[in-house]
>>> print(open('input26.txt').read())   # compact mmCIF, C-alpha atoms
# COMPACT_ATOMS: atom_id res chain seq x y z
CA MET A 113 12.98 -9.87 24.00
CA SER A 114 13.42 -6.41 22.51
CA SER A 115 11.22 -3.76 24.07
CA GLU A 116 10.84 -1.69 20.94
CA ALA A 117 10.84 -1.99 17.16
CA VAL A 118 11.74 1.23 15.38
CA ILE A 119 11.68 2.61 11.85
CA VAL A 120 15.04 4.06 10.92
CA ASP A 121 14.21 5.03 7.36
CA VAL A 122 11.60 4.68 4.62
CA VAL A 123 12.03 5.20 0.88
CA ARG A 124 10.12 4.68 -2.35
CA THR A 125 10.47 5.09 -6.06
CA PRO A 126 8.30 7.52 -7.96
CA VAL A 127 5.20 5.64 -9.11
CA GLY A 128 4.79 4.99 -12.81
CA ARG A 129 1.71 4.19 -14.82
CA GLY A 130 1.38 0.43 -14.99
CA LYS A 131 1.04 0.07 -18.73
CA PRO A 132 3.37 -0.19 -21.73
CA GLY A 133 5.10 3.13 -22.14
CA GLY A 134 4.81 4.03 -18.45
CA MET A 135 7.95 5.64 -17.09
CA LEU A 136 9.02 2.51 -15.17
CA SER A 137 7.81 -0.03 -17.71
CA GLY A 138 11.33 -0.52 -19.04
CA VAL A 139 12.67 -1.53 -15.61
CA HIS A 140 12.63 -5.19 -14.59
CA PRO A 141 10.85 -5.61 -11.22
CA VAL A 142 13.97 -7.22 -9.71
CA ASP A 143 15.97 -4.13 -10.61
CA LEU A 144 13.19 -1.84 -9.40
CA LEU A 145 13.19 -3.46 -5.96
CA ALA A 146 16.99 -3.75 -5.86
CA GLY A 147 17.17 0.02 -6.30
CA VAL A 148 15.27 0.83 -3.12
CA LEU A 149 17.18 -1.83 -1.17
CA ASP A 150 20.44 -0.28 -2.26
CA ALA A 151 19.14 3.22 -1.48
CA ILE A 152 17.98 2.44 2.03
CA VAL A 153 21.30 0.95 3.14
CA SER A 154 23.30 3.66 1.34
CA ARG A 155 21.31 6.50 2.88
CA ASN A 156 22.03 5.12 6.34
CA ASP A 157 25.61 4.02 5.74
CA LEU A 158 24.53 0.54 6.83
CA ASP A 159 26.61 -2.53 6.08
CA PRO A 160 24.08 -4.84 4.35
CA ALA A 161 25.84 -7.79 5.94
CA LEU A 162 24.09 -6.77 9.20
CA VAL A 163 20.60 -7.33 7.73
CA ASP A 164 19.07 -10.43 9.31
CA ASP A 165 16.32 -10.86 6.71
CA VAL A 166 14.41 -9.07 3.98
CA TYR A 167 10.62 -9.45 3.76
CA GLY A 168 9.08 -8.30 0.51
CA GLY A 169 5.53 -7.96 -0.73
CA CYS A 170 4.44 -8.86 -4.26
CA VAL A 171 1.01 -9.93 -5.51
CA SER A 172 1.50 -11.29 -9.03
CA GLN A 173 4.29 -13.77 -8.34
CA ILE A 174 4.61 -15.05 -11.87
CA GLY A 175 6.84 -14.35 -14.85
CA GLU A 176 9.39 -11.67 -14.01
CA GLN A 177 8.11 -11.56 -10.42
CA ALA A 178 8.33 -15.32 -9.84
CA MET A 179 10.92 -17.41 -7.99
CA ASN A 180 11.01 -15.25 -4.83
CA VAL A 181 11.48 -11.82 -6.39
CA THR A 182 12.68 -10.41 -3.06
CA ARG A 183 15.63 -12.81 -2.88
CA SER A 184 16.50 -11.97 -6.48
CA ALA A 185 16.44 -8.26 -5.63
CA VAL A 186 18.63 -8.75 -2.55
CA LEU A 187 21.27 -10.43 -4.69
CA ALA A 188 20.85 -7.87 -7.48
CA ALA A 189 21.43 -5.08 -4.95
CA GLY A 190 24.80 -6.61 -4.10
CA PHE A 191 23.92 -7.71 -0.58
CA PRO A 192 26.08 -10.53 0.78
CA GLU A 193 24.80 -13.95 -0.18
CA HIS A 194 24.18 -14.86 3.46
CA VAL A 195 21.32 -12.29 3.68
CA PRO A 196 18.06 -14.22 3.15
CA ALA A 197 14.75 -12.98 1.80
CA THR A 198 11.17 -14.09 1.34
CA THR A 199 8.20 -12.84 -0.66
CA ILE A 200 4.76 -12.40 0.89
CA ASP A 201 1.32 -12.26 -0.71
CA ARG A 202 -1.45 -10.75 1.36
CA GLN A 203 -2.86 -9.16 -1.76
CA CYS A 204 -2.81 -5.34 -1.65
CA GLY A 205 -1.47 -5.40 1.91
CA SER A 206 1.54 -7.58 1.07
CA SER A 207 4.28 -5.13 2.06
CA GLN A 208 2.27 -3.88 5.02
CA GLN A 209 2.22 -7.49 6.20
CA ALA A 210 5.96 -7.68 5.48
CA THR A 211 6.38 -4.66 7.76
CA THR A 212 4.32 -6.29 10.50
CA PHE A 213 6.29 -9.53 10.26
CA ALA A 214 9.54 -7.54 10.40
CA ALA A 215 8.50 -5.62 13.51
CA GLN A 216 7.25 -8.79 15.18
CA ALA A 217 10.57 -10.54 14.52
CA VAL A 218 12.38 -7.65 16.16
CA LEU A 219 9.95 -7.47 19.08
CA SER A 220 10.33 -11.19 19.72
CA GLY A 221 14.10 -10.88 19.84
CA GLN A 222 14.61 -13.10 16.79
CA ALA A 223 16.17 -10.34 14.66
CA ASP A 224 17.91 -7.00 15.08
CA VAL A 225 17.81 -5.55 11.58
CA ILE A 226 15.20 -6.31 8.89
CA ILE A 227 14.18 -4.58 5.70
CA ALA A 228 10.48 -4.71 4.80
CA CYS A 229 9.80 -3.83 1.20
CA GLY A 230 7.59 -4.43 -1.80
CA VAL A 231 7.40 -4.24 -5.56
CA GLU A 232 4.87 -4.52 -8.34
CA SER A 233 5.41 -3.93 -12.04
CA MET A 234 1.88 -3.99 -13.39
CA SER A 235 3.10 -2.90 -16.81
CA ARG A 236 5.28 -6.00 -17.17
CA VAL A 237 3.29 -8.49 -15.05
CA PRO A 238 -0.38 -7.60 -15.61
CA LEU A 239 -2.94 -7.77 -12.82
CA GLY A 240 -4.56 -11.20 -12.77
CA SER A 241 -1.87 -12.89 -14.82
CA SER A 242 -0.96 -15.23 -11.97
CA ALA A 243 -4.42 -16.81 -12.20
CA ALA A 244 -4.78 -16.73 -15.98
CA GLY A 245 -6.27 -19.96 -17.31
CA ALA A 246 -6.65 -21.44 -13.83
CA ASP A 247 -9.35 -21.88 -11.18
CA PRO A 248 -7.97 -20.21 -8.05
CA LEU A 249 -11.05 -21.03 -5.96
CA GLY A 250 -11.71 -24.77 -6.06
CA ALA A 251 -14.88 -26.75 -5.52
CA ARG A 252 -15.19 -26.35 -1.75
CA LEU A 253 -14.91 -22.56 -1.80
CA ARG A 254 -17.42 -22.37 -4.64
CA ALA A 255 -19.77 -24.56 -2.60
CA ARG A 256 -19.53 -22.16 0.35
CA TYR A 257 -20.49 -19.25 -1.90
CA PRO A 258 -22.83 -20.86 -4.43
CA ASP A 259 -23.99 -17.52 -5.84
CA GLY A 260 -20.40 -16.75 -6.76
CA LEU A 261 -17.86 -14.24 -5.51
CA VAL A 262 -17.04 -10.97 -7.25
CA GLY A 263 -13.97 -8.98 -8.21
CA GLN A 264 -12.76 -5.98 -6.27
CA GLY A 265 -14.33 -3.48 -8.64
CA VAL A 266 -17.78 -5.00 -8.11
CA SER A 267 -17.13 -5.10 -4.37
CA ALA A 268 -16.39 -1.36 -4.56
CA GLU A 269 -19.74 -0.90 -6.32
CA LEU A 270 -21.59 -2.85 -3.62
CA ILE A 271 -19.91 -0.74 -0.95
CA ALA A 272 -20.90 2.48 -2.71
CA ALA A 273 -24.50 1.27 -2.84
CA LYS A 274 -24.57 0.09 0.78
CA TRP A 275 -23.21 3.40 2.12
CA GLY A 276 -25.22 5.55 -0.27
CA LEU A 277 -22.17 7.05 -1.97
CA THR A 278 -23.25 8.84 -5.11
CA ARG A 279 -21.23 9.10 -8.29
CA ASP A 280 -20.75 12.81 -7.61
CA ARG A 281 -19.34 12.04 -4.16
CA LEU A 282 -16.92 9.43 -5.51
CA ASP A 283 -15.69 11.73 -8.27
CA ALA A 284 -15.31 14.68 -5.89
CA TYR A 285 -13.24 12.54 -3.54
CA ALA A 286 -11.03 11.36 -6.42
CA ALA A 287 -10.47 14.90 -7.67
CA HIS A 288 -9.51 15.99 -4.15
CA SER A 289 -6.94 13.18 -3.96
CA HIS A 290 -5.24 14.52 -7.08
CA GLU A 291 -5.44 18.07 -5.71
CA LEU A 292 -3.73 17.07 -2.46
CA ALA A 293 -1.05 15.00 -4.20
CA ALA A 294 -0.31 17.72 -6.74
CA ALA A 295 0.02 20.31 -3.97
CA ALA A 296 2.34 18.02 -1.99
CA ALA A 297 4.50 17.40 -5.04
CA GLU A 298 4.63 21.11 -5.88
CA SER A 299 5.71 21.95 -2.32
CA GLY A 300 8.54 19.41 -2.40
CA ALA A 301 6.92 17.26 0.28
CA PHE A 302 7.85 14.03 -1.51
CA ALA A 303 11.50 15.00 -2.02
CA THR A 304 12.63 13.32 1.19
CA GLU A 305 10.97 9.99 0.40
CA ILE A 306 11.45 9.42 -3.34
CA VAL A 307 14.74 7.90 -4.52
CA PRO A 308 15.83 7.81 -8.16
CA VAL A 309 15.47 4.77 -10.39
CA PRO A 310 18.62 4.13 -12.44
CA GLY A 311 17.96 4.90 -16.07
CA VAL A 312 14.76 6.86 -15.36
CA ASP A 313 15.05 10.62 -15.63
CA ARG A 314 12.11 11.54 -13.41
CA LEU A 315 11.59 11.97 -9.66
CA VAL A 316 7.86 12.70 -9.56
CA ASP A 317 4.87 10.36 -9.63
CA GLU A 318 3.54 9.83 -13.13
CA THR A 319 0.07 8.97 -11.83
CA VAL A 320 -0.76 12.38 -10.35
CA ARG A 321 -2.94 14.50 -12.66
CA PRO A 322 -2.93 18.17 -11.59
CA GLY A 323 -6.10 19.96 -12.52
CA THR A 324 -8.31 16.88 -12.25
CA SER A 325 -11.88 17.94 -11.57
CA ALA A 326 -15.06 16.16 -10.55
CA GLU A 327 -16.68 17.60 -13.66
CA GLY A 328 -14.02 16.06 -15.86
CA LEU A 329 -14.32 12.69 -14.15
CA ALA A 330 -18.09 12.72 -14.58
CA GLY A 331 -17.74 11.84 -18.24
CA LEU A 332 -16.08 8.47 -17.62
CA ALA A 333 -18.08 5.28 -18.06
CA PRO A 334 -18.47 2.67 -15.29
CA ALA A 335 -15.46 0.37 -15.40
CA PHE A 336 -16.87 -2.90 -14.06
CA ARG A 337 -20.41 -3.21 -15.38
CA THR A 338 -21.14 -6.13 -17.69
CA ASP A 339 -24.48 -7.42 -18.89
CA ALA A 340 -24.08 -10.54 -16.75
CA LEU A 341 -23.29 -8.54 -13.62
CA ALA A 342 -26.12 -6.11 -14.31
CA ALA A 343 -28.49 -9.07 -14.45
CA ARG A 344 -27.06 -10.48 -11.22
CA PHE A 345 -27.35 -7.16 -9.36
CA PRO A 346 -30.51 -5.55 -10.74
CA GLY A 347 -30.98 -1.98 -9.63
CA LEU A 348 -27.29 -1.42 -8.85
CA ASP A 349 -26.38 2.09 -9.95
CA TRP A 350 -22.96 1.46 -11.48
CA ARG A 351 -20.76 4.37 -10.48
CA VAL A 352 -17.15 3.11 -10.07
CA THR A 353 -14.93 4.31 -12.91
CA ALA A 354 -11.26 4.41 -13.79
CA GLY A 355 -11.28 7.98 -12.51
CA ASN A 356 -12.45 7.19 -8.97
CA SER A 357 -10.31 4.05 -8.70
CA SER A 358 -6.57 3.67 -8.20
CA PRO A 359 -4.64 3.29 -11.46
CA LEU A 360 -2.53 0.33 -12.54
CA SER A 361 0.95 1.23 -11.30
CA ASP A 362 4.62 0.33 -11.13
CA GLY A 363 6.75 1.00 -8.06
CA ALA A 364 8.87 -0.22 -5.18
CA SER A 365 9.39 0.89 -1.58
CA ALA A 366 11.27 -0.16 1.55
CA ALA A 367 11.47 0.38 5.32
CA LEU A 368 14.54 -0.18 7.49
CA ILE A 369 13.35 -1.69 10.78
CA MET A 370 15.51 -2.40 13.83
CA SER A 371 15.47 -2.95 17.52
CA ALA A 372 16.02 0.30 19.39
CA ASP A 373 19.18 -1.22 20.86
CA ALA A 374 20.59 -2.05 17.42
CA ALA A 375 19.86 1.46 16.16
CA ALA A 376 21.67 2.96 19.14
CA ARG A 377 24.60 0.59 18.70
CA LEU A 378 24.89 1.55 15.03
CA GLY A 379 24.55 5.26 15.73
CA LEU A 380 21.30 5.56 13.77
CA GLU A 381 18.44 7.84 14.79
CA PRO A 382 15.01 6.17 14.66
CA ARG A 383 12.28 8.17 12.98
CA ALA A 384 9.28 6.31 14.42
CA ARG A 385 8.31 3.25 16.43
CA PHE A 386 5.53 0.71 16.10
CA ARG A 387 2.71 0.89 18.62
CA ALA A 388 0.20 -1.76 17.51
CA PHE A 389 -0.90 -4.03 14.66
CA SER A 390 -4.08 -5.76 13.60
CA VAL A 391 -5.25 -7.99 10.80
CA VAL A 392 -8.83 -9.10 10.14
CA GLY A 393 -10.89 -11.08 7.71
CA SER A 394 -14.12 -9.68 6.28
CA ASP A 395 -17.00 -10.62 4.01
CA PRO A 396 -15.42 -11.43 0.62
CA MET A 397 -18.42 -9.97 -1.19
CA TYR A 398 -17.68 -6.64 0.51
CA MET A 399 -14.00 -7.50 0.58
CA LEU A 400 -12.74 -3.94 0.94
CA THR A 401 -14.52 -3.12 4.21
CA GLY A 402 -12.04 -4.88 6.49
CA VAL A 403 -10.35 -1.53 7.08
CA ILE A 404 -13.23 -0.61 9.38
CA PRO A 405 -12.87 -3.42 11.97
CA ALA A 406 -9.08 -3.44 11.52
CA THR A 407 -8.99 0.22 12.56
CA ALA A 408 -11.13 -0.38 15.64
CA LYS A 409 -8.98 -3.35 16.62
CA VAL A 410 -5.63 -1.58 16.28
CA LEU A 411 -6.83 1.47 18.23
CA ASP A 412 -8.01 -0.81 21.03
CA ARG A 413 -4.69 -2.64 21.11
CA ALA A 414 -2.78 0.63 21.27
CA GLY A 415 -5.06 2.07 23.95
CA LEU A 416 -5.72 5.08 21.73
CA SER A 417 -8.74 6.81 20.23
CA HIS A 418 -9.32 8.70 17.01
CA ASP A 419 -8.64 11.91 18.93
CA ASP A 420 -5.04 10.74 19.38
CA ILE A 421 -4.35 10.12 15.70
CA ASP A 422 -2.70 12.94 13.75
CA ALA A 423 -2.72 11.39 10.27
CA TYR A 424 -4.38 8.45 8.56
CA GLU A 425 -3.33 6.55 5.46
CA VAL A 426 -6.31 4.54 4.24
CA ASN A 427 -5.49 2.99 0.90
CA GLU A 428 -7.60 4.41 -1.88
CA ALA A 429 -8.07 1.27 -3.91
CA PHE A 430 -11.42 2.83 -4.82
CA ALA A 431 -12.99 6.06 -3.55
CA SER A 432 -15.80 4.11 -1.91
CA VAL A 433 -13.35 2.50 0.54
CA PRO A 434 -12.10 5.57 2.47
CA LEU A 435 -15.54 7.17 2.23
CA ALA A 436 -17.23 4.14 3.83
CA TRP A 437 -14.39 4.06 6.39
CA LEU A 438 -15.01 7.72 7.24
CA ALA A 439 -18.74 7.12 7.61
CA GLU A 440 -18.23 4.24 10.02
CA THR A 441 -15.31 5.55 12.08
CA GLY A 442 -16.28 9.21 12.37
CA ALA A 443 -12.61 10.11 11.90
CA ASP A 444 -11.55 13.66 11.02
CA ALA A 445 -11.59 13.81 7.21
CA SER A 446 -8.91 16.52 7.20
CA LYS A 447 -6.43 14.00 8.60
CA LEU A 448 -7.16 11.39 5.92
CA ASN A 449 -4.50 10.90 3.24
CA PRO A 450 -3.33 14.52 3.59
CA ARG A 451 -0.81 14.15 0.75
CA GLY A 452 -3.29 12.44 -1.53
CA GLY A 453 -3.93 8.73 -1.78
CA ALA A 454 -3.61 5.87 -4.21
CA ILE A 455 -6.17 7.33 -6.64
CA ALA A 456 -3.52 9.95 -7.39
CA LEU A 457 -0.29 8.41 -6.13
CA GLY A 458 -0.91 4.98 -7.62
CA HIS A 459 -1.30 1.50 -6.23
CA ALA A 460 1.65 -0.69 -7.17
CA LEU A 461 0.07 -3.60 -5.29
CA GLY A 462 3.00 -5.30 -3.57
CA SER A 463 4.69 -1.98 -2.86
CA SER A 464 1.70 -0.10 -1.48
CA GLY A 465 2.01 -1.03 2.20
CA THR A 466 5.53 0.31 2.58
CA ARG A 467 4.68 3.21 0.23
CA LEU A 468 1.90 4.26 2.61
CA LEU A 469 4.28 3.94 5.55
CA THR A 470 6.86 6.09 3.77
CA THR A 471 4.33 8.85 3.14
CA LEU A 472 2.87 8.57 6.65
CA VAL A 473 6.21 8.90 8.47
CA ASN A 474 7.17 11.90 6.36
CA GLN A 475 3.78 13.53 6.95
CA LEU A 476 4.09 13.10 10.72
CA GLU A 477 7.54 14.66 10.66
CA ALA A 478 6.47 17.59 8.49
CA SER A 479 3.35 18.32 10.55
CA GLY A 480 4.78 17.60 14.00
CA GLY A 481 2.15 14.91 14.55
CA ARG A 482 2.74 12.08 16.98
CA TYR A 483 0.59 9.11 15.94
CA GLY A 484 -0.22 7.83 12.48
CA LEU A 485 -2.57 4.99 11.53
CA GLN A 486 -2.46 3.18 8.22
CA THR A 487 -4.81 0.51 6.98
CA MET A 488 -5.10 -1.43 3.76
CA CYS A 489 -8.04 -3.36 2.28
CA GLU A 490 -7.11 -6.64 0.61
CA GLY A 491 -8.48 -9.06 -1.93
CA GLY A 492 -10.45 -11.99 -0.59
CA GLY A 493 -11.84 -9.95 2.31
CA MET A 494 -8.99 -8.96 4.67
CA ALA A 495 -7.31 -5.84 6.02
CA ASN A 496 -4.18 -4.88 7.92
CA ALA A 497 -3.81 -1.86 10.19
CA MET A 498 -0.98 -0.48 12.25
CA ILE A 499 -0.15 2.56 14.34
CA VAL A 500 3.24 4.22 14.40
CA GLU A 501 4.54 6.92 16.71
CA ARG A 502 6.92 9.62 15.49
CA LEU A 503 10.11 9.94 17.51
>>> encode(input="input26.txt", output="structure tokens")
Amino acid sequence: MSSEAVIVDVVRTPVGRGKPGGMLSGVHPVDLLAGVLDAIVSRNDLDPALVDDVYGGCVSQIGEQAMNVTRSAVLAAGFPEHVPATTIDRQCGSSQQATTFAAQAVLSGQADVIIACGVESMSRVPLGSSAAGADPLGARLRARYPDGLVGQGVSAELIAAKWGLTRDRLDAYAAHSHELAAAAAESGAFATEIVPVPGVDRLVDETVRPGTSAEGLAGLAPAFRTDALAARFPGLDWRVTAGNSSPLSDGASAALIMSADAAARLGLEPRARFRAFSVVGSDPMYMLTGVIPATAKVLDRAGLSHDDIDAYEVNEAFASVPLAWLAETGADASKLNPRGGAIALGHALGSSGTRLLTTLVNQLEASGGRYGLQTMCEGGGMANAMIVERL
């Protein structure tokens, strides 16, 4: 067995708005993912023939993202045909789960070199299209929850109500996310992690809106309220809007993961190592709260406390998620998403796990921090968490 799984490199595309006309909307998702695969081996002068496997995350595995999009991207990137690939769906945490599987394969001694990655083109494969016209639940699941389950936006509303998060608080948090991301972009902080997309003449995230203010966001209408839902949840003060939620996004990202021995043999300098992982299930009505127990579990497994953590990446699917997480964990808010989160940087579903890892590793290096913790809420009531240590 290998004693250590290390991160040699992490890269991502700039994030585009996930709608027709977005800057990446003209790029096929296979080509989008192939671009980061090609970049990560090129940046490290790595022979792709040495890659044991490629694990990719993607949520809407239909249409242009069907038929194992990761394998298609591996071939499109020009990797040798003997390099295999698989595509994983753990909802928003798909590429974070790909990263965990990759590290576990290395730690178990079953692989030396793996790329974990992810892609989502929400402009070309719309959110929810994989379930269009179908019943994804079935009779037995409906019988377990006879009152009916809810979508993520309604779950975000229920969380805001349960934790007493006002509309003003949600909008202020969202505005701060844009402020942090804009400042990071202006300082050049993302320059070391963003790689170009062939045919796209832009190296900055399209989703960041400098100058966003809580006052400006206050004018937006609730995004998820319907008459039927209002009748089902009487008294719910609908406060989740497009402005305090993550935007539909396009993007791809990748992490080069190895055993420490393989990195040394290849003359590559690891940037970080994995310390611990966790994955939990949670109440599907409050499906976004799994980040709270997942964080406690991964800290316990690592033998660390919040005092040891130098930076957190808690995915901002909705502002209510990191705010509830902060309330329950008591973590230092100044360490949370210090370069902005998904409200500003976008949430290209299948790519988000490795995108968060990319930003986290670069933040630790820039700040001199040692430990970083990232956690991702997921549809259906789940969450992944992991801790990495800068080297």
>>> atom_distance(input="input26.txt", atom1="CA of Arg254 (chain A)", atom2="CA of Ala335 (chain A)")
25.2 Å
>>> residues_near_point(input="input26.txt", point="(7.7, 0.4, -8.9)", cutoff="9 Å", atoms="all atoms listed in the file", output="list in words")
Arg124, Thr125, Pro126, Val127, Gly128, Gly130, Leu136, Ser137, Val139, Pro141, Leu144, Leu145, Gly230, Val231, Glu232, Ser233, Met234, Ser361, Asp362, Gly363, Ala364, Ser365, Ala460 and Ser463 of chain A
>>> closest_residue(input="input26.txt", among="A:Phe191, A:Tyr398, A:Phe389, A:Trp437", to="Leu485 (chain A)", atoms="all atoms listed in the file")
A:Phe389
>>> atom_distance(input="input26.txt", atom1="CA of Val262 (chain A)", atom2="CA of Gly492 (chain A)")
9.4 Å
>>> closest_residue(input="input26.txt", among="A:Leu476, A:Val352, A:Leu469, A:Ile271", to="Ile369 (chain A)", atoms="only C-alpha atoms")
A:Leu469
>>> residues_around(input="input26.txt", residues="Gly221 (chain A)", least_positions_apart="6", cutoff="12 Å", atoms="all atoms listed in the file", output="NGL selection string")
:A and (113-117 or 164 or 214-215 or 370-374)
>>> closest_residue(input="input26.txt", among="A:Glu318, A:Val142, A:Thr211, A:Ala423", to="Ser479 (chain A)", atoms="all atoms listed in the file")
A:Ala423
>>> closest_residue(input="input26.txt", among="A:Ala295, A:Ala366, A:Val500, A:Ala246", to="Ala384 (chain A)", atoms="only C-alpha atoms")
A:Val500
>>> closest_residue(input="input26.txt", among="A:Gly205, A:Pro346, A:Gly300, A:Gly175", to="Thr487 (chain A)", atoms="only C-alpha atoms")
A:Gly205
>>> residues_near_point(input="input26.txt", point="(9.1, 16.2, 4.3)", cutoff="9 Å", atoms="all atoms listed in the file", output="VMD selection string")
chain A and resid 300 to 305 471 473 to 479
>>> atom_distance(input="input26.txt", atom1="CA of Ile200 (chain A)", atom2="CA of Gly462 (chain A)")
8.6 Å
>>> closest_residue(input="input26.txt", among="A:Ala268, A:Ala375, A:Cys170, A:Met179", to="Glu428 (chain A)", atoms="only C-alpha atoms")
A:Ala268
>>> build_atoms(input="input26.txt", residues="region 218-229 of chain A", atoms="N, CA and C atoms", output="compact mmCIF listing (two decimals), keeping the file's coordinate frame")
# COMPACT_ATOMS: atom_id res chain seq x y z
N VAL A 218 11.54 -8.47 15.29
CA VAL A 218 12.38 -7.65 16.16
C VAL A 218 11.85 -7.67 17.59
N LEU A 219 10.54 -7.50 17.75
CA LEU A 219 9.95 -7.47 19.08
C LEU A 219 10.13 -8.79 19.83
N SER A 220 10.16 -9.89 19.09
CA SER A 220 10.33 -11.19 19.72
C SER A 220 11.78 -11.50 20.04
N GLY A 221 12.69 -10.64 19.60
CA GLY A 221 14.10 -10.88 19.84
C GLY A 221 14.75 -11.81 18.86
N GLN A 222 14.07 -12.16 17.78
CA GLN A 222 14.61 -13.10 16.79
C GLN A 222 15.42 -12.41 15.70
N ALA A 223 15.40 -11.09 15.66
CA ALA A 223 16.17 -10.34 14.66
C ALA A 223 16.46 -8.96 15.21
N ASP A 224 17.54 -8.37 14.70
CA ASP A 224 17.91 -7.00 15.08
C ASP A 224 17.67 -6.01 13.96
N VAL A 225 17.91 -6.45 12.73
CA VAL A 225 17.81 -5.55 11.58
C VAL A 225 17.07 -6.28 10.45
N ILE A 226 15.97 -5.72 9.99
CA ILE A 226 15.20 -6.31 8.89
C ILE A 226 14.77 -5.19 7.95
N ILE A 227 14.77 -5.49 6.68
CA ILE A 227 14.18 -4.58 5.70
C ILE A 227 12.85 -5.17 5.25
N ALA A 228 11.79 -4.36 5.37
CA ALA A 228 10.48 -4.71 4.80
C ALA A 228 10.33 -3.89 3.52
N CYS A 229 9.82 -4.50 2.49
CA CYS A 229 9.80 -3.83 1.20
C CYS A 229 8.69 -4.41 0.33
